[in-house]
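S.K.: my_file30.pdb is the file, holding PDB, N, CA and C atoms:
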ATOM      1  N   MET A   1      -7.245   8.882  10.094
ATOM      2  CA  MET A   1      -7.591  10.239  10.447
ATOM      3  C   MET A   1      -8.793  10.244  11.383
ATOM      4  N   ALA A   2      -9.686   9.316  11.179
ATOM      5  CA  ALA A   2     -10.885   9.270  12.022
ATOM      6  C   ALA A   2     -10.522   9.086  13.493
ATOM      7  N   ARG A   3      -9.459   8.346  13.764
ATOM      8  CA  ARG A   3      -9.055   8.119  15.152
ATOM      9  C   ARG A   3      -8.214   9.248  15.715
ATOM     10  N   VAL A   4      -7.288   9.786  14.936
ATOM     11  CA  VAL A   4      -6.330  10.756  15.482
ATOM     12  C   VAL A   4      -6.769  12.201  15.344
ATOM     13  N   ALA A   5      -7.578  12.514  14.352
ATOM     14  CA  ALA A   5      -8.001  13.905  14.139
ATOM     15  C   ALA A   5      -9.327  13.951  13.387
ATOM     16  N   PRO A   6     -10.397  13.513  14.037
ATOM     17  CA  PRO A   6     -11.693  13.479  13.342
ATOM     18  C   PRO A   6     -12.137  14.847  12.839
ATOM     19  N   HIS A   7     -11.648  15.918  13.457
ATOM     20  CA  HIS A   7     -12.013  17.267  13.010
ATOM     21  C   HIS A   7     -11.459  17.585  11.620
ATOM     22  N   ARG A   8     -10.542  16.761  11.109
ATOM     23  CA  ARG A   8      -9.959  16.996   9.786
ATOM     24  C   ARG A   8     -10.546  16.094   8.703
ATOM     25  N   LEU A   9     -11.498  15.252   9.068
ATOM     26  CA  LEU A   9     -12.072  14.320   8.092
ATOM     27  C   LEU A   9     -12.727  15.026   6.909
ATOM     28  N   THR A  10     -13.472  16.076   7.175
ATOM     29  CA  THR A  10     -14.137  16.798   6.089
ATOM     30  C   THR A  10     -13.114  17.359   5.105
ATOM     31  N   GLU A  11     -12.054  17.933   5.643
ATOM     32  CA  GLU A  11     -10.978  18.478   4.806
ATOM     33  C   GLU A  11     -10.349  17.376   3.955
ATOM     34  N   MET A  12     -10.081  16.233   4.573
ATOM     35  CA  MET A  12      -9.466  15.120   3.861
ATOM     36  C   MET A  12     -10.402  14.582   2.776
ATOM     37  N   GLU A  13     -11.662  14.437   3.087
ATOM     38  CA  GLU A  13     -12.634  13.915   2.123
ATOM     39  C   GLU A  13     -12.814  14.857   0.941
ATOM     40  N   LYS A  14     -12.817  16.160   1.202
ATOM     41  CA  LYS A  14     -12.931  17.141   0.113
ATOM     42  C   LYS A  14     -11.729  17.027  -0.826
ATOM     43  N   ALA A  15     -10.543  16.918  -0.250
ATOM     44  CA  ALA A  15      -9.330  16.775  -1.061
ATOM     45  C   ALA A  15      -9.362  15.472  -1.857
ATOM     46  N   GLN A  16      -9.896  14.414  -1.255
ATOM     47  CA  GLN A  16     -10.005  13.136  -1.952
ATOM     48  C   GLN A  16     -10.938  13.262  -3.154
ATOM     49  N   GLU A  17     -12.070  13.878  -2.948
ATOM     50  CA  GLU A  17     -13.022  14.063  -4.050
ATOM     51  C   GLU A  17     -12.381  14.836  -5.193
ATOM     52  N   GLU A  18     -11.660  15.897  -4.857
ATOM     53  CA  GLU A  18     -11.010  16.708  -5.887
ATOM     54  C   GLU A  18      -9.959  15.894  -6.643
ATOM     55  N   ALA A  19      -9.179  15.098  -5.923
ATOM     56  CA  ALA A  19      -8.145  14.282  -6.569
ATOM     57  C   ALA A  19      -8.769  13.257  -7.513
ATOM     58  N   PHE A  20      -9.836  12.609  -7.062
ATOM     59  CA  PHE A  20     -10.482  11.601  -7.905
ATOM     60  C   PHE A  20     -11.192  12.243  -9.094
ATOM     61  N   GLU A  21     -11.794  13.402  -8.900
ATOM     62  CA  GLU A  21     -12.433  14.103 -10.025
ATOM     63  C   GLU A  21     -11.404  14.478 -11.078
ATOM     64  N   PHE A  22     -10.257  15.003 -10.626
ATOM     65  CA  PHE A  22      -9.214  15.381 -11.563
ATOM     66  C   PHE A  22      -8.699  14.152 -12.310
ATOM     67  N   ALA A  23      -8.528  13.052 -11.593
ATOM     68  CA  ALA A  23      -8.071  11.812 -12.238
ATOM     69  C   ALA A  23      -9.080  11.345 -13.288
ATOM     70  N   ALA A  24     -10.350  11.440 -12.968
ATOM     71  CA  ALA A  24     -11.387  11.021 -13.918
ATOM     72  C   ALA A  24     -11.400  11.919 -15.150
ATOM     73  N   GLU A  25     -11.190  13.213 -14.943
ATOM     74  CA  GLU A  25     -11.210  14.162 -16.060
ATOM     75  C   GLU A  25     -10.005  14.003 -16.965
ATOM     76  N   THR A  26      -8.846  13.725 -16.392
ATOM     77  CA  THR A  26      -7.606  13.702 -17.165
ATOM     78  C   THR A  26      -7.126  12.307 -17.524
ATOM     79  N   GLY A  27      -7.630  11.294 -16.825
ATOM     80  CA  GLY A  27      -7.144   9.939 -17.050
ATOM     81  C   GLY A  27      -5.781   9.692 -16.427
ATOM     82  N   LYS A  28      -5.348  10.598 -15.534
ATOM     83  CA  LYS A  28      -4.045  10.467 -14.877
ATOM     84  C   LYS A  28      -4.260  10.331 -13.371
ATOM     85  N   ILE A  29      -3.466   9.479 -12.743
ATOM     86  CA  ILE A  29      -3.659   9.223 -11.319
ATOM     87  C   ILE A  29      -2.682   9.984 -10.421
ATOM     88  N   GLY A  30      -1.924  10.892 -10.970
ATOM     89  CA  GLY A  30      -0.930  11.630 -10.188
ATOM     90  C   GLY A  30      -1.511  12.346  -8.982
ATOM     91  N   HIS A  31      -2.677  12.959  -9.145
ATOM     92  CA  HIS A  31      -3.288  13.673  -8.021
ATOM     93  C   HIS A  31      -3.738  12.713  -6.919
ATOM     94  N   ILE A  32      -4.149  11.513  -7.307
ATOM     95  CA  ILE A  32      -4.536  10.527  -6.293
ATOM     96  C   ILE A  32      -3.301  10.125  -5.495
ATOM     97  N   HIS A  33      -2.195   9.900  -6.178
ATOM     98  CA  HIS A  33      -0.945   9.559  -5.493
ATOM     99  C   HIS A  33      -0.529  10.686  -4.559
ATOM    100  N   GLN A  34      -0.619  11.924  -5.023
ATOM    101  CA  GLN A  34      -0.276  13.074  -4.176
ATOM    102  C   GLN A  34      -1.207  13.158  -2.969
ATOM    103  N   TRP A  35      -2.480  12.883  -3.176
ATOM    104  CA  TRP A  35      -3.435  12.921  -2.075
ATOM    105  C   TRP A  35      -3.055  11.885  -1.017
ATOM    106  N   VAL A  36      -2.781  10.665  -1.447
ATOM    107  CA  VAL A  36      -2.410   9.600  -0.513
ATOM    108  C   VAL A  36      -1.142   9.974   0.237
ATOM    109  N   THR A  37      -0.145  10.456  -0.456
ATOM    110  CA  THR A  37       1.126  10.820   0.165
ATOM    111  C   THR A  37       0.943  11.943   1.172
ATOM    112  N   TYR A  38       0.225  12.986   0.776
ATOM    113  CA  TYR A  38       0.007  14.130   1.657
ATOM    114  C   TYR A  38      -0.752  13.717   2.916
ATOM    115  N   TRP A  39      -1.842  12.970   2.728
ATOM    116  CA  TRP A  39      -2.677  12.630   3.882
ATOM    117  C   TRP A  39      -2.044  11.569   4.767
ATOM    118  N   ALA A  40      -1.214  10.716   4.222
ATOM    119  CA  ALA A  40      -0.466   9.781   5.073
ATOM    120  C   ALA A  40       0.447  10.564   6.006
ATOM    121  N   ALA A  41       1.094  11.602   5.476
ATOM    122  CA  ALA A  41       1.956  12.451   6.317
ATOM    123  C   ALA A  41       1.128  13.225   7.339
ATOM    124  N   GLN A  42      -0.043  13.699   6.933
ATOM    125  CA  GLN A  42      -0.891  14.438   7.874
ATOM    126  C   GLN A  42      -1.357  13.554   9.026
ATOM    127  N   VAL A  43      -1.676  12.307   8.731
ATOM    128  CA  VAL A  43      -2.066  11.371   9.789
ATOM    129  C   VAL A  43      -0.892  11.172  10.744
ATOM    130  N   GLU A  44       0.306  11.028  10.198
ATOM    131  CA  GLU A  44       1.488  10.849  11.052
ATOM    132  C   GLU A  44       1.723  12.077  11.922
ATOM    133  N   ILE A  45       1.546  13.260  11.361
ATOM    134  CA  ILE A  45       1.706  14.490  12.144
ATOM    135  C   ILE A  45       0.676  14.530  13.264
ATOM    136  N   GLU A  46      -0.557  14.230  12.942
ATOM    137  CA  GLU A  46      -1.619  14.252  13.957
ATOM    138  C   GLU A  46      -1.421  13.164  15.010
ATOM    139  N   ARG A  47      -0.826  12.052  14.624
ATOM    140  CA  ARG A  47      -0.631  10.915  15.516
ATOM    141  C   ARG A  47       0.515  11.150  16.499
ATOM    142  N   ARG A  48       1.480  11.950  16.095
ATOM    143  CA  ARG A  48       2.681  12.164  16.916
ATOM    144  C   ARG A  48       2.681  13.544  17.543
ATOM    145  N   PRO A  49       2.541  13.621  18.840
ATOM    146  CA  PRO A  49       2.500  14.928  19.515
ATOM    147  C   PRO A  49       3.727  15.800  19.237
ATOM    148  N   ASP A  50       4.899  15.192  19.106
ATOM    149  CA  ASP A  50       6.104  15.974  18.837
ATOM    150  C   ASP A  50       6.022  16.671  17.482
ATOM    151  N   LEU A  51       5.574  15.948  16.468
ATOM    152  CA  LEU A  51       5.446  16.555  15.140
ATOM    153  C   LEU A  51       4.316  17.574  15.097
ATOM    154  N   LEU A  52       3.223  17.265  15.757
ATOM    155  CA  LEU A  52       2.087  18.187  15.762
ATOM    156  C   LEU A  52       2.468  19.509  16.413
ATOM    157  N   LEU A  53       3.197  19.452  17.509
ATOM    158  CA  LEU A  53       3.637  20.679  18.188
ATOM    159  C   LEU A  53       4.548  21.500  17.283
ATOM    160  N   ARG A  54       5.522  20.850  16.674
ATOM    161  CA  ARG A  54       6.423  21.565  15.764
ATOM    162  C   ARG A  54       5.662  22.162  14.592
ATOM    163  N   HIS A  55       4.756  21.383  14.022
ATOM    164  CA  HIS A  55       3.964  21.843  12.879
ATOM    165  C   HIS A  55       3.117  23.059  13.262
ATOM    166  N   ASP A  56       2.412  22.937  14.374
ATOM    167  CA  ASP A  56       1.525  24.026  14.790
ATOM    168  C   ASP A  56       2.290  25.303  15.116
ATOM    169  N   ARG A  57       3.435  25.170  15.761
ATOM    170  CA  ARG A  57       4.248  26.350  16.078
ATOM    171  C   ARG A  57       4.757  27.037  14.811
ATOM    172  N   ALA A  58       5.236  26.249  13.866
ATOM    173  CA  ALA A  58       5.743  26.822  12.621
ATOM    174  C   ALA A  58       4.618  27.464  11.817
ATOM    175  N   LEU A  59       3.485  26.800  11.746
ATOM    176  CA  LEU A  59       2.348  27.351  11.011
ATOM    177  C   LEU A  59       1.848  28.638  11.658
ATOM    178  N   GLU A  60       1.801  28.653  12.969
ATOM    179  CA  GLU A  60       1.392  29.870  13.681
ATOM    180  C   GLU A  60       2.364  31.016  13.391
ATOM    181  N   ALA A  61       3.643  30.722  13.360
ATOM    182  CA  ALA A  61       4.649  31.750  13.059
ATOM    183  C   ALA A  61       4.439  32.309  11.655
ATOM    184  N   VAL A  62       4.183  31.440  10.693
ATOM    185  CA  VAL A  62       3.947  31.888   9.312
ATOM    186  C   VAL A  62       2.711  32.774   9.253
ATOM    187  N   HIS A  63       1.658  32.384   9.923
ATOM    188  CA  HIS A  63       0.404  33.141   9.878
ATOM    189  C   HIS A  63       0.504  34.490  10.583
ATOM    190  N   ARG A  64       1.428  34.623  11.518
ATOM    191  CA  ARG A  64       1.611  35.909  12.211
ATOM    192  C   ARG A  64       2.337  36.938  11.347
ATOM    193  N   MET A  65       3.020  36.489  10.344
ATOM    194  CA  MET A  65       3.836  37.399   9.521
ATOM    195  C   MET A  65       2.971  38.145   8.524
ATOM    196  N   THR A  66       3.351  39.382   8.295
ATOM    197  CA  THR A  66       2.598  40.207   7.347
ATOM    198  C   THR A  66       3.139  40.096   5.926
ATOM    199  N   ASN A  67       4.383  39.624   5.785
ATOM    200  CA  ASN A  67       4.932  39.435   4.444
ATOM    201  C   ASN A  67       6.097  38.450   4.471
ATOM    202  N   ARG A  68       6.479  38.031   3.307
ATOM    203  CA  ARG A  68       7.557  37.042   3.180
ATOM    204  C   ARG A  68       8.939  37.641   3.398
ATOM    205  N   GLU A  69       9.007  38.932   3.489
ATOM    206  CA  GLU A  69      10.296  39.589   3.716
ATOM    207  C   GLU A  69      10.728  39.515   5.175
ATOM    208  N   ASN A  70       9.821  39.117   6.045
ATOM    209  CA  ASN A  70      10.137  38.955   7.457
ATOM    210  C   ASN A  70      11.257  37.920   7.582
ATOM    211  N   PRO A  71      12.321  38.231   8.327
ATOM    212  CA  PRO A  71      13.444  37.296   8.442
ATOM    213  C   PRO A  71      13.060  35.936   9.043
ATOM    214  N   ALA A  72      11.970  35.871   9.765
ATOM    215  CA  ALA A  72      11.546  34.611  10.388
ATOM    216  C   ALA A  72      10.712  33.744   9.443
ATOM    217  N   PHE A  73      10.338  34.301   8.282
ATOM    218  CA  PHE A  73       9.481  33.551   7.366
ATOM    219  C   PHE A  73      10.160  32.273   6.856
ATOM    220  N   ARG A  74      11.355  32.405   6.333
ATOM    221  CA  ARG A  74      12.044  31.245   5.739
ATOM    222  C   ARG A  74      12.295  30.149   6.776
ATOM    223  N   PRO A  75      12.789  30.466   7.979
ATOM    224  CA  PRO A  75      12.967  29.396   8.971
ATOM    225  C   PRO A  75      11.655  28.687   9.333
ATOM    226  N   ALA A  76      10.569  29.423   9.429
ATOM    227  CA  ALA A  76       9.278  28.807   9.748
ATOM    228  C   ALA A  76       8.831  27.885   8.613
ATOM    229  N   MET A  77       8.997  28.325   7.377
ATOM    230  CA  MET A  77       8.637  27.484   6.230
ATOM    231  C   MET A  77       9.544  26.252   6.155
ATOM    232  N   ASP A  78      10.826  26.441   6.460
ATOM    233  CA  ASP A  78      11.748  25.304   6.483
ATOM    234  C   ASP A  78      11.329  24.288   7.541
ATOM    235  N   GLU A  79      10.885  24.763   8.696
ATOM    236  CA  GLU A  79      10.431  23.861   9.751
ATOM    237  C   GLU A  79       9.195  23.094   9.305
ATOM    238  N   LEU A  80       8.259  23.756   8.641
ATOM    239  CA  LEU A  80       7.080  23.053   8.119
ATOM    240  C   LEU A  80       7.492  21.953   7.145
ATOM    241  N   ARG A  81       8.428  22.266   6.263
ATOM    242  CA  ARG A  81       8.904  21.272   5.304
ATOM    243  C   ARG A  81       9.601  20.120   6.020
ATOM    244  N   ASP A  82      10.417  20.447   7.031
ATOM    245  CA  ASP A  82      11.113  19.399   7.784
ATOM    246  C   ASP A  82      10.127  18.469   8.490
ATOM    247  N   VAL A  83       9.079  19.037   9.066
ATOM    248  CA  VAL A  83       8.055  18.225   9.728
ATOM    249  C   VAL A  83       7.374  17.315   8.705
ATOM    250  N   ASP A  84       6.994  17.881   7.570
ATOM    251  CA  ASP A  84       6.360  17.073   6.516
ATOM    252  C   ASP A  84       7.286  15.954   6.044
ATOM    253  N   ASP A  85       8.570  16.285   5.853
ATOM    254  CA  ASP A  85       9.531  15.277   5.405
ATOM    255  C   ASP A  85       9.674  14.162   6.436
ATOM    256  N   GLU A  86       9.779  14.528   7.709
ATOM    257  CA  GLU A  86       9.910  13.508   8.749
ATOM    258  C   GLU A  86       8.650  12.644   8.830
ATOM    259  N   ALA A  87       7.502  13.262   8.706
ATOM    260  CA  ALA A  87       6.238  12.503   8.770
ATOM    261  C   ALA A  87       6.105  11.539   7.592
ATOM    262  N   ALA A  88       6.673  11.894   6.459
ATOM    263  CA  ALA A  88       6.550  11.064   5.265
ATOM    264  C   ALA A  88       7.566   9.922   5.216
ATOM    265  N   ARG A  89       8.592  10.018   6.046
ATOM    266  CA  ARG A  89       9.625   8.975   6.061
ATOM    267  C   ARG A  89       9.109   7.700   6.713
ATOM    268  N   PRO A  90       9.310   6.568   6.069
ATOM    269  CA  PRO A  90       8.897   5.299   6.700
ATOM    270  C   PRO A  90       9.672   5.086   8.004
ATOM    271  N   GLY A  91       8.979   4.634   9.021
ATOM    272  CA  GLY A  91       9.617   4.367  10.306
ATOM    273  C   GLY A  91      10.203   5.594  10.949
ATOM    274  N   SER A  92       9.521   6.730  10.771
ATOM    275  CA  SER A  92      10.082   8.008  11.253
ATOM    276  C   SER A  92      10.037   8.168  12.752
ATOM    277  N   GLU A  93       9.310   7.324  13.435
ATOM    278  CA  GLU A  93       9.198   7.481  14.887
ATOM    279  C   GLU A  93      10.255   6.674  15.597
TER
END
Just give me the structure as structure tokens.
M.R.:
Amino acid sequence: MARVAPHRLTEMEKAQEEAFEFAAETGKIGHIHQWVTYWAAQVEIERRPDLLLRHDRALEAVHRMTNRENPAFRPAMDELRDVDDEAARPGSE
């Protein structure tokens, strides 16, 4: 993340702290695994201009909507999920 999107380091570090705190409190490492999985995909999205463009466009569309009843809401959310899924796939490029 430091190389591809240094502006997101603070966000990533905060999420890491929360995951490790939760693991320490509960004795379960599930949140750490989720943190690693999520941020690995985020690095891939930031690293690949094609995924970043798709992600940003879909996120912008979601943020423009005033409610979930908008017919464009579901397709935009589906696109976000598709981008995340592609970023998480090994050898996705």
S.K.: May I ask for the distance between atom N of Ala15 (chain A) and CA of Ala41 (chain A), given in Å to one decimal place?
M.R.: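 That distance, rounded to one decimal, is 14.8 Å.
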S.K.: Env of Arg74 (chain A): 12 Å cut, atoms = only C-alpha atoms, seq-sep filter 5 positions within chain, self excluded. Answer as a PyMOL selection string.
M.R.: chain A and resi 58-59+61-62+65+67-69+79-81
S.K.: As a PyMOL selection string, which residues of chain A does DSSP assign to alpha helix (DSSP H)?
M.R.: chain A and resi 9-26+30-47+49-64+73-88
S.K.: Mind working out the centre and edge lengths of an axis-aligned box for region 38-47 of chain A, all listed atoms inside, 5 Å added to each side, rounded to one decimal in Å and written as lines of an AutoDock Vina configuration file?
M.R.:
center_x = -0.4
center_y = 12.2
center_z = 8.6
size_x = 14.6
size_y = 14.7
size_z = 25.7
S.K.: At what distance in Å, to one decimal, does atom C of Lys14 (chain A) lie from atom C of Lys28 (chain A)?
M.R.: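 One can read the atom C of Lys28 (chain A) to atom C of Lys14 (chain A) distance as 16.1 Å.
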S.K.: Hey, can you check how far CA of Arg57 (chain A) sits from CA of Arg3 (chain A)?
M.R.: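 We find that CA of Arg57 (chain A) and CA of Arg3 (chain A) lie 22.6 Å from each other.
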S.K.: Please enumerate the residues selected by the PyMOL selection byres (((chain A and resi 16 and name CA) around 12) and name CA) when evaluated against the supplied file, formatted as a PyMOL selection string.
M.R.: chain A and resi 9-15+17-23+29+31-39
S.K.: Using only C-alpha atoms, can you tell me which of A:Ala72, A:Asp84, A:Ala40, A:Pro6 comes closest to His55 (chain A)?
M.R.: A:Asp84
S.K.: From the list A:Gly91, A:Glu86, A:Met77, A:Gly27, which residue is nearest Asp56 (chain A) when using only C-alpha atoms?
M.R.: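 Smallest distance to Asp56 (chain A) is found for A:Met77.
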S.K.: Counting only N, CA and C atoms, which of A:Gly30, A:Ala88, A:Asp82, A:Phe73 gets nearest to Gln42 (chain A)?
M.R.: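 With only N, CA and C atoms as the atom set, the closest residue is A:Ala88.
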S.K.: Can region 78-90 of chain A be brought up to N, CA, C and O atoms and written out as a compact mmCIF listing (two decimals), in the frame of the given file?
M.R.:
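The resulting selection-v1.txt:
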# COMPACT_ATOMS: atom_id res chain seq x y z
N ASP A 78 10.83 26.44 6.46
CA ASP A 78 11.75 25.30 6.48
C ASP A 78 11.33 24.29 7.54
O ASP A 78 11.41 23.08 7.32
N GLU A 79 10.88 24.76 8.70
CA GLU A 79 10.43 23.86 9.75
C GLU A 79 9.20 23.09 9.30
O GLU A 79 9.09 21.89 9.55
N LEU A 80 8.26 23.76 8.64
CA LEU A 80 7.08 23.05 8.12
C LEU A 80 7.49 21.95 7.14
O LEU A 80 6.99 20.83 7.20
N ARG A 81 8.43 22.27 6.26
CA ARG A 81 8.90 21.27 5.30
C ARG A 81 9.60 20.12 6.02
O ARG A 81 9.40 18.95 5.69
N ASP A 82 10.42 20.45 7.03
CA ASP A 82 11.11 19.40 7.78
C ASP A 82 10.13 18.47 8.49
O ASP A 82 10.32 17.25 8.53
N VAL A 83 9.08 19.04 9.07
CA VAL A 83 8.06 18.23 9.73
C VAL A 83 7.37 17.32 8.70
O VAL A 83 7.21 16.11 8.94
N ASP A 84 6.99 17.88 7.57
CA ASP A 84 6.36 17.07 6.52
C ASP A 84 7.29 15.95 6.04
O ASP A 84 6.85 14.82 5.86
N ASP A 85 8.57 16.28 5.85
CA ASP A 85 9.53 15.28 5.40
C ASP A 85 9.67 14.16 6.44
O ASP A 85 9.71 12.98 6.09
N GLU A 86 9.78 14.53 7.71
CA GLU A 86 9.91 13.51 8.75
C GLU A 86 8.65 12.64 8.83
O GLU A 86 8.74 11.43 8.98
N ALA A 87 7.50 13.26 8.71
CA ALA A 87 6.24 12.50 8.77
C ALA A 87 6.10 11.54 7.59
O ALA A 87 5.49 10.48 7.73
N ALA A 88 6.67 11.89 6.46
CA ALA A 88 6.55 11.06 5.26
C ALA A 88 7.57 9.92 5.22
O ALA A 88 7.39 8.98 4.45
N ARG A 89 8.59 10.02 6.05
CA ARG A 89 9.62 8.98 6.06
C ARG A 89 9.11 7.70 6.71
O ARG A 89 8.55 7.75 7.81
N PRO A 90 9.31 6.57 6.07
CA PRO A 90 8.90 5.30 6.70
C PRO A 90 9.67 5.09 8.00
O PRO A 90 10.87 5.35 8.06
